[in-house]
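K.L.:
My structure is in work.cif, and what it holds is mmCIF, C-alpha atoms:
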```
data_model
loop_
_atom_site.label_atom_id
_atom_site.label_comp_id
_atom_site.auth_asym_id
_atom_site.auth_seq_id
_atom_site.Cartn_x
_atom_site.Cartn_y
_atom_site.Cartn_z
CA MET M 1 -105.00 -36.49 194.74
CA GLU M 2 -101.82 -37.53 192.94
CA MET M 3 -102.64 -41.25 192.83
CA ASP M 4 -106.42 -41.07 192.45
CA GLY M 5 -107.69 -44.11 190.58
CA ARG M 6 -104.33 -45.83 190.42
CA VAL M 7 -103.50 -49.26 191.83
CA ALA M 8 -100.45 -49.84 194.05
CA VAL M 9 -99.02 -53.07 195.44
CA VAL M 10 -96.86 -52.87 198.57
CA THR M 11 -95.03 -56.05 199.51
CA GLY M 12 -94.63 -56.60 203.24
CA GLY M 13 -97.20 -53.87 203.75
CA THR M 14 -98.77 -55.22 206.93
CA ARG M 15 -96.68 -53.40 209.54
CA GLY M 16 -93.87 -50.94 210.14
CA VAL M 17 -92.42 -49.21 207.10
CA GLY M 18 -94.62 -51.18 204.70
CA ALA M 19 -97.81 -50.18 206.48
CA GLY M 20 -96.64 -46.56 206.48
CA ILE M 21 -96.10 -46.73 202.74
CA ALA M 22 -99.51 -48.34 202.19
CA ARG M 23 -101.23 -45.61 204.25
CA ALA M 24 -99.49 -42.89 202.27
CA PHE M 25 -100.77 -44.33 199.00
CA LEU M 26 -104.28 -44.63 200.46
CA GLU M 27 -104.12 -40.98 201.48
CA ALA M 28 -102.96 -40.08 197.97
CA GLY M 29 -106.05 -41.73 196.47
CA ALA M 30 -104.68 -45.07 195.27
CA GLN M 31 -106.28 -48.46 195.61
CA VAL M 32 -103.73 -50.39 197.64
CA VAL M 33 -103.05 -54.13 197.79
CA ILE M 34 -100.65 -55.34 200.47
CA CYS M 35 -99.17 -58.82 200.59
CA ALA M 36 -97.25 -60.91 203.10
CA ARG M 37 -97.31 -64.45 204.42
CA ARG M 38 -99.50 -63.47 207.37
CA PRO M 39 -102.32 -60.91 207.63
CA PRO M 40 -101.87 -57.69 209.59
CA ASP M 41 -102.92 -57.60 213.24
CA ALA M 42 -105.36 -54.85 212.29
CA PRO M 43 -106.53 -53.53 208.91
CA VAL M 44 -104.18 -51.03 207.28
CA GLU M 45 -106.34 -47.92 206.90
CA ALA M 46 -106.06 -44.23 206.05
CA ALA M 47 -108.32 -41.48 204.74
CA GLY M 48 -111.37 -43.63 205.45
CA ARG M 49 -110.14 -46.40 203.15
CA THR M 50 -108.59 -49.81 203.72
CA ALA M 51 -105.79 -51.66 201.96
CA GLU M 52 -106.72 -55.04 200.52
CA PHE M 53 -104.64 -57.92 201.91
CA LYS M 54 -103.49 -61.00 200.00
CA ALA M 55 -101.50 -63.83 201.58
CA VAL M 56 -98.55 -64.86 199.44
CA ASP M 57 -95.12 -66.41 199.98
CA LEU M 58 -92.91 -64.11 197.93
CA ARG M 59 -90.21 -66.77 197.69
CA ASP M 60 -92.60 -68.92 195.62
CA VAL M 61 -92.41 -67.81 191.97
CA ALA M 62 -95.68 -69.49 191.00
CA ALA M 63 -97.48 -67.94 193.98
CA VAL M 64 -96.15 -64.49 193.06
CA GLU M 65 -97.30 -64.86 189.46
CA GLY M 66 -100.71 -66.02 190.68
CA PHE M 67 -100.93 -63.03 193.00
CA PHE M 68 -100.45 -60.55 190.16
CA ALA M 69 -102.97 -62.44 188.04
CA GLU M 70 -105.45 -61.88 190.89
CA VAL M 71 -104.58 -58.18 191.05
CA ALA M 72 -105.15 -57.85 187.31
CA ALA M 73 -108.46 -59.70 187.47
CA ALA M 74 -109.73 -57.65 190.42
CA HIS M 75 -108.48 -54.19 189.43
CA GLY M 76 -107.72 -54.34 185.73
CA ARG M 77 -104.39 -52.59 186.09
CA LEU M 78 -101.26 -52.03 188.17
CA ASP M 79 -99.57 -48.64 188.36
CA VAL M 80 -97.11 -48.92 191.24
CA LEU M 81 -95.06 -51.70 192.80
CA VAL M 82 -93.26 -50.98 196.07
CA ASN M 83 -90.75 -53.72 196.87
CA ASN M 84 -90.66 -53.29 200.64
CA ALA M 85 -90.60 -56.87 201.97
CA GLY M 86 -87.29 -57.75 203.58
CA GLY M 87 -85.24 -57.46 206.72
CA THR M 88 -82.80 -59.45 208.81
CA PRO M 89 -82.01 -60.36 212.41
CA TYR M 90 -78.69 -59.31 213.93
CA ARG M 91 -76.26 -62.09 213.09
CA THR M 92 -72.50 -61.88 212.57
CA LEU M 93 -71.04 -63.71 209.60
CA ALA M 94 -69.25 -66.30 211.75
CA GLU M 95 -72.42 -67.10 213.70
CA GLY M 96 -74.80 -67.59 210.80
CA GLY M 97 -73.44 -70.13 208.39
CA ALA M 98 -73.77 -69.84 204.61
CA ALA M 99 -77.30 -71.22 204.36
CA ARG M 100 -78.78 -68.68 206.78
CA HIS M 101 -77.03 -65.78 205.11
CA ALA M 102 -78.22 -67.04 201.72
CA ARG M 103 -81.82 -66.83 202.95
CA VAL M 104 -81.25 -63.17 203.83
CA LEU M 105 -79.90 -62.57 200.34
CA GLU M 106 -82.91 -64.34 198.86
CA LEU M 107 -85.47 -62.29 200.78
CA ASN M 108 -83.81 -58.94 200.18
CA LEU M 109 -82.56 -59.33 196.60
CA VAL M 110 -84.02 -62.35 194.80
CA VAL M 111 -87.57 -61.68 196.03
CA PRO M 112 -87.69 -58.08 194.69
CA LEU M 113 -86.41 -59.39 191.35
CA THR M 114 -89.04 -62.15 191.31
CA VAL M 115 -91.84 -59.74 192.18
CA SER M 116 -90.73 -57.10 189.69
CA LEU M 117 -90.56 -59.60 186.84
CA ALA M 118 -94.06 -60.87 187.64
CA ALA M 119 -95.43 -57.30 187.79
CA TYR M 120 -93.62 -56.05 184.69
CA PRO M 121 -96.28 -56.80 182.03
CA LEU M 122 -98.91 -54.91 184.03
CA LEU M 123 -96.59 -52.00 184.79
CA ARG M 124 -95.51 -51.75 181.15
CA GLU M 125 -99.13 -51.55 180.05
CA SER M 126 -99.90 -48.73 182.51
CA ARG M 127 -96.50 -46.99 182.08
CA GLY M 128 -96.10 -47.48 185.80
CA SER M 129 -93.38 -47.30 188.40
CA VAL M 130 -91.31 -49.52 190.69
CA VAL M 131 -90.01 -48.25 194.03
CA MET M 132 -87.34 -50.38 195.68
CA VAL M 133 -86.92 -49.96 199.44
CA GLY M 134 -83.19 -49.97 199.99
CA SER M 135 -80.97 -49.17 202.95
CA VAL M 136 -77.87 -47.22 203.91
CA SER M 137 -76.58 -50.68 204.91
CA GLY M 138 -75.92 -51.19 201.20
CA GLN M 139 -73.65 -48.15 201.07
CA ARG M 140 -71.42 -48.65 204.11
CA PRO M 141 -70.06 -51.53 206.22
CA SER M 142 -72.92 -53.42 207.86
CA PRO M 143 -71.46 -55.48 210.74
CA GLY M 144 -74.04 -57.84 212.19
CA SER M 145 -76.08 -57.71 209.00
CA ALA M 146 -73.48 -58.18 206.27
CA ALA M 147 -75.66 -60.34 204.02
CA TYR M 148 -78.45 -57.78 204.30
CA GLY M 149 -76.08 -54.96 203.36
CA ALA M 150 -74.78 -56.94 200.40
CA ALA M 151 -78.34 -57.63 199.25
CA LYS M 152 -79.30 -53.95 199.49
CA ALA M 153 -76.20 -52.96 197.53
CA GLY M 154 -77.24 -55.43 194.86
CA LEU M 155 -80.81 -54.14 194.94
CA ALA M 156 -79.68 -50.59 194.16
CA ASN M 157 -77.69 -51.85 191.19
CA LEU M 158 -80.58 -54.02 190.04
CA ALA M 159 -82.86 -50.99 190.10
CA THR M 160 -80.54 -48.91 187.92
CA SER M 161 -80.31 -51.74 185.38
CA MET M 162 -84.09 -52.17 185.39
CA ALA M 163 -84.49 -48.42 184.85
CA VAL M 164 -82.43 -48.67 181.65
CA GLU M 165 -83.90 -51.92 180.34
CA TRP M 166 -87.53 -51.06 181.07
CA ALA M 167 -87.50 -47.45 179.92
CA PRO M 168 -89.47 -45.61 178.70
CA GLU M 169 -92.52 -47.59 179.80
CA VAL M 170 -91.57 -48.27 183.44
CA ARG M 171 -89.67 -46.02 185.83
CA VAL M 172 -87.58 -47.66 188.58
CA ASN M 173 -86.13 -45.87 191.62
CA THR M 174 -84.74 -46.73 195.05
CA LEU M 175 -85.49 -45.24 198.45
CA VAL M 176 -82.32 -45.57 200.54
CA LEU M 177 -83.49 -45.66 204.15
CA GLY M 178 -81.60 -44.83 207.28
CA MET M 179 -83.04 -45.66 210.69
CA VAL M 180 -86.82 -45.75 211.01
CA ARG M 181 -88.93 -45.83 214.17
CA THR M 182 -91.28 -48.83 214.06
CA GLU M 183 -92.76 -51.31 216.50
CA LEU M 184 -89.52 -53.31 216.15
CA SER M 185 -87.15 -50.43 216.95
CA GLU M 186 -86.27 -51.77 220.40
CA LEU M 187 -85.05 -55.05 218.85
CA HIS M 188 -82.45 -53.06 216.91
CA TYR M 189 -81.59 -50.20 219.26
CA GLY M 190 -82.50 -51.34 222.76
CA ASP M 191 -85.04 -49.88 225.20
CA ALA M 192 -86.58 -46.41 224.98
CA ALA M 193 -83.35 -44.83 226.23
CA GLY M 194 -81.38 -46.69 223.57
CA VAL M 195 -83.77 -45.59 220.84
CA ALA M 196 -83.49 -41.98 222.03
CA ALA M 197 -79.69 -42.17 222.14
CA VAL M 198 -79.55 -43.57 218.61
CA ALA M 199 -81.95 -40.87 217.39
CA GLY M 200 -79.59 -38.29 218.86
CA THR M 201 -76.86 -39.38 216.46
CA VAL M 202 -78.97 -38.37 213.44
CA PRO M 203 -78.32 -34.80 212.24
CA LEU M 204 -82.07 -34.05 212.12
CA GLY M 205 -82.35 -35.28 215.71
CA ARG M 206 -84.85 -38.09 215.25
CA LEU M 207 -85.47 -41.40 213.53
CA ALA M 208 -87.62 -41.41 210.41
CA GLU M 209 -91.28 -42.30 210.80
CA PRO M 210 -92.99 -44.76 208.44
CA SER M 211 -95.03 -41.81 207.18
CA ASP M 212 -91.81 -40.10 206.06
CA VAL M 213 -90.97 -43.14 203.97
CA GLY M 214 -94.51 -43.29 202.60
CA ALA M 215 -94.44 -39.67 201.49
CA ALA M 216 -91.17 -40.22 199.62
CA ALA M 217 -92.50 -43.39 197.96
CA VAL M 218 -95.63 -41.58 196.77
CA TYR M 219 -93.45 -38.82 195.32
CA LEU M 220 -91.30 -41.27 193.35
CA ALA M 221 -94.40 -43.01 191.99
CA SER M 222 -96.31 -39.82 191.19
CA PRO M 223 -96.46 -37.65 188.06
CA GLN M 224 -94.32 -35.12 189.95
CA ALA M 225 -91.39 -37.52 189.44
CA ALA M 226 -92.15 -38.25 185.79
CA TYR M 227 -88.53 -37.65 184.76
CA VAL M 228 -86.98 -39.44 187.75
CA SER M 229 -85.77 -42.96 186.98
CA GLY M 230 -82.69 -44.91 187.97
CA ALA M 231 -82.30 -42.64 190.99
CA SER M 232 -81.52 -43.36 194.63
CA LEU M 233 -83.21 -41.02 197.10
CA LEU M 234 -81.46 -40.88 200.47
CA LEU M 235 -83.91 -40.76 203.37
CA HIS M 236 -81.58 -40.77 206.36
CA GLY M 237 -82.03 -37.46 208.16
CA GLY M 238 -78.65 -36.11 207.11
CA GLY M 239 -76.68 -39.33 207.46
CA GLU M 240 -74.08 -40.21 210.07
CA ARG M 241 -71.63 -37.86 211.74
CA PRO M 242 -68.10 -39.07 210.87
CA ALA M 243 -66.59 -40.84 213.88
CA PHE M 244 -63.20 -39.14 213.49
CA LEU M 245 -64.73 -35.75 214.36
CA ASP M 246 -65.48 -36.95 217.87
CA ALA M 247 -62.28 -38.99 218.23
CA ALA M 248 -59.92 -36.15 217.27
CA ASN M 249 -58.58 -33.86 220.03
CA VAL M 250 -58.41 -30.74 217.85
CA ASN M 251 -60.98 -28.50 216.17
CA LYS M 252 -63.55 -29.16 218.85
CA GLU M 253 -66.59 -26.94 219.09
CA SER M 254 -66.71 -25.05 222.38
#
```
Take the structure from the file and write it as structure tokens.
P.N.:
Amino acid sequence: MEMDGRVAVVTGGTRGVGAGIARAFLEAGAQVVICARRPPDAPVEAAGRTAEFKAVDLRDVAAVEGFFAEVAAAHGRLDVLVNNAGGTPYRTLAEGGAARHARVLELNLVVPLTVSLAAYPLLRESRGSVVMVGSVSGQRPSPGSAAYGAAKAGLANLATSMAVEWAPEVRVNTLVLGMVRTELSELHYGDAAGVAAVAGTVPLGRLAEPSDVGAAAVYLASPQAAYVSGASLLLHGGGERPAFLDAANVNKES
């Protein structure tokens, strides 16, 4: 297996996309450590193996540094860091207030920087890899989640700078996610009918599954991507159909 004997940390790996990523690394043979403030509702398992959970507040620099010291003591190495922790509720700019939006920026941009800096000595020693979990929200207008989109845009730029500064010892790449089906999908897209309608707007005809994201993350961290660094891999099912095609009253398909 591609990751046999290697050690991977997945932040926010207790549910949804993060759990899908953790399972993919377990299936690829890695030892996986997941971290979040609260434990998962059920163990994150795959291929007869279980991810190790550590409770940590990723906003606390000292706690993050202590977490990686524990990883080093327990496993002796770190080969992969997946910066997955993040997210945001729907909140327009006028509704939120600066302090609330700043917390979104902190979680989605400052936290990955904090975690990456704490992991860097271990990753440099192993000639490892960082995978940032980005979003198409950082590449287009993001009404209702503007601070999140701004943070993800910054994260993509941060990753390219890291890839230059930390080469050749550490590779850094970004997964740019479109819409993913998780247990929280109905909060974003409505009931089952809403989720299905949204999925119908994707050229490939469905939302991504967490396993799709996991497979892409394993690829970026694996020897198969040994010459891939500073890259952004779009995982959005073909993207979004331009609105003007449906609004125009010419050149319609019969």
K.L.:
Translate the PyMOL selection byres ((chain M and resi 240) around 10) into a concrete residue list for this structure, as a VMD selection string.
P.N.:
chain M and resid 178 201 to 203 236 to 239 241 to 243
K.L.:
Output C-alpha atoms for every residue in that selection, as a JSON list (two decimals), in the frame of the given file.
P.N.:
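Output file out.json is given in full below:
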```
[["chain", "number", "residue", "atom", "x", "y", "z"],
["M", 178, "GLY", "CA", -81.60, -44.83, 207.28],
["M", 201, "THR", "CA", -76.86, -39.38, 216.46],
["M", 202, "VAL", "CA", -78.97, -38.37, 213.44],
["M", 203, "PRO", "CA", -78.32, -34.80, 212.24],
["M", 236, "HIS", "CA", -81.58, -40.77, 206.36],
["M", 237, "GLY", "CA", -82.03, -37.46, 208.16],
["M", 238, "GLY", "CA", -78.65, -36.11, 207.11],
["M", 239, "GLY", "CA", -76.68, -39.33, 207.46],
["M", 241, "ARG", "CA", -71.63, -37.86, 211.74],
["M", 242, "PRO", "CA", -68.10, -39.07, 210.87],
["M", 243, "ALA", "CA", -66.59, -40.84, 213.88]]
```
K.L.:
List the spatial neighbours of Ala42 in chain M as a VMD selection string - criterion: any atom at most 12 Å away, all atoms listed in the file, same-chain residues fewer than 4 positions off excluded.
P.N.:
chain M and resid 13 to 15 19 38 50 to 53
K.L.:
Kindly resolve the PyMOL selection byres ((chain M and resi 122-125) around 10) on the present coordinates and return the residues as a PyMOL selection string.
P.N.:
chain M and resi 68-69+71-72+76-81+116-121+126-130+166-171
K.L.:
Just to confirm, what's the straight-line distance from CA of Ser142 in chain M to CA of Ala102 in chain M in Å (one decimal)?
P.N.:
15.9 Å
K.L.:
How far is it from CA of Leu234 in chain M to CA of Ser145 in chain M, in Å with one decimal?
P.N.:
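Separating CA of Leu234 in chain M from CA of Ser145 in chain M is a distance of 19.6 Å.
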K.L.:
Would you kindly translate the PyMOL selection byres ((chain M and resi 137) around 12) into the concrete residues it picks from this file, as a PyMOL selection string?
P.N.:
chain M and resi 87-88+108+133-136+138-156+176-179+234+236+239-240
K.L.:
Using 8 Å as the limit and counting all atoms listed in the file, can you tabulate each residue of range 23-118 of chain M that touches range 216-229 of chain M, with its shortest atom-to-atom distance in Å and the two atoms involved, as JSON lines?
P.N.:
```
{"residue": "M:Ala24", "atom": "CA", "partner": "M:Val218", "partner_atom": "CA", "distance": 6.8}
{"residue": "M:Phe25", "atom": "CA", "partner": "M:Val218", "partner_atom": "CA", "distance": 6.2}
{"residue": "M:Ala28", "atom": "CA", "partner": "M:Val218", "partner_atom": "CA", "distance": 7.6}
{"residue": "M:Val80", "atom": "CA", "partner": "M:Ala221", "partner_atom": "CA", "distance": 6.5}
{"residue": "M:Val82", "atom": "CA", "partner": "M:Ala217", "partner_atom": "CA", "distance": 7.9}
```
K.L.:
Considering all atoms listed in the file, return as a list in words whatever protein or nucleic-acid residues lie within 7 Å of Cys35 in chain M, sequence-local ones (same chain, fewer than 3 positions apart) excluded.
P.N.:
Val10, Thr11, Gly12, Gly13, Phe53, Lys54, Ala55 and Val56 of chain M
K.L.:
Can you measure CA of Ala30 in chain M to CA of Ala47 in chain M for me? One decimal in Å is fine.
P.N.:
10.8 Å
K.L.:
Given 8 Å on each side, where is the centre and what are the edge lengths in Å to one decimal of the axis-aligned box enclosing the listed atoms of range 30-46 of chain M, as lines of an AutoDock Vina configuration file?
P.N.:
```
center_x = -101.9
center_y = -54.3
center_z = 204.3
size_x = 25.3
size_y = 36.2
size_z = 34.0
```
K.L.:
Nearest residue to Leu58 in chain M out of M:Leu245, M:Ala85, M:Val104, M:Ile34, using all atoms listed in the file?
P.N.:
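When distances to Leu58 in chain M are compared using all atoms listed in the file, the smallest one comes from M:Ala85.
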K.L.:
Please list, as a PyMOL selection string, the residues that have an atom at most 12 Å away from (-89.6, -71.0, 197.1) in the coordinates of this file, counting all atoms listed in the file.
P.N.:
chain M and resi 56-64+103+106-107+110-111+114
K.L.:
In terms of the shortest atom-to-atom distance over all atoms listed in the file, which of M:Leu109, M:Leu158, M:Glu209, M:Gly29 is closest to Glu2 in chain M?
P.N.:
M:Gly29
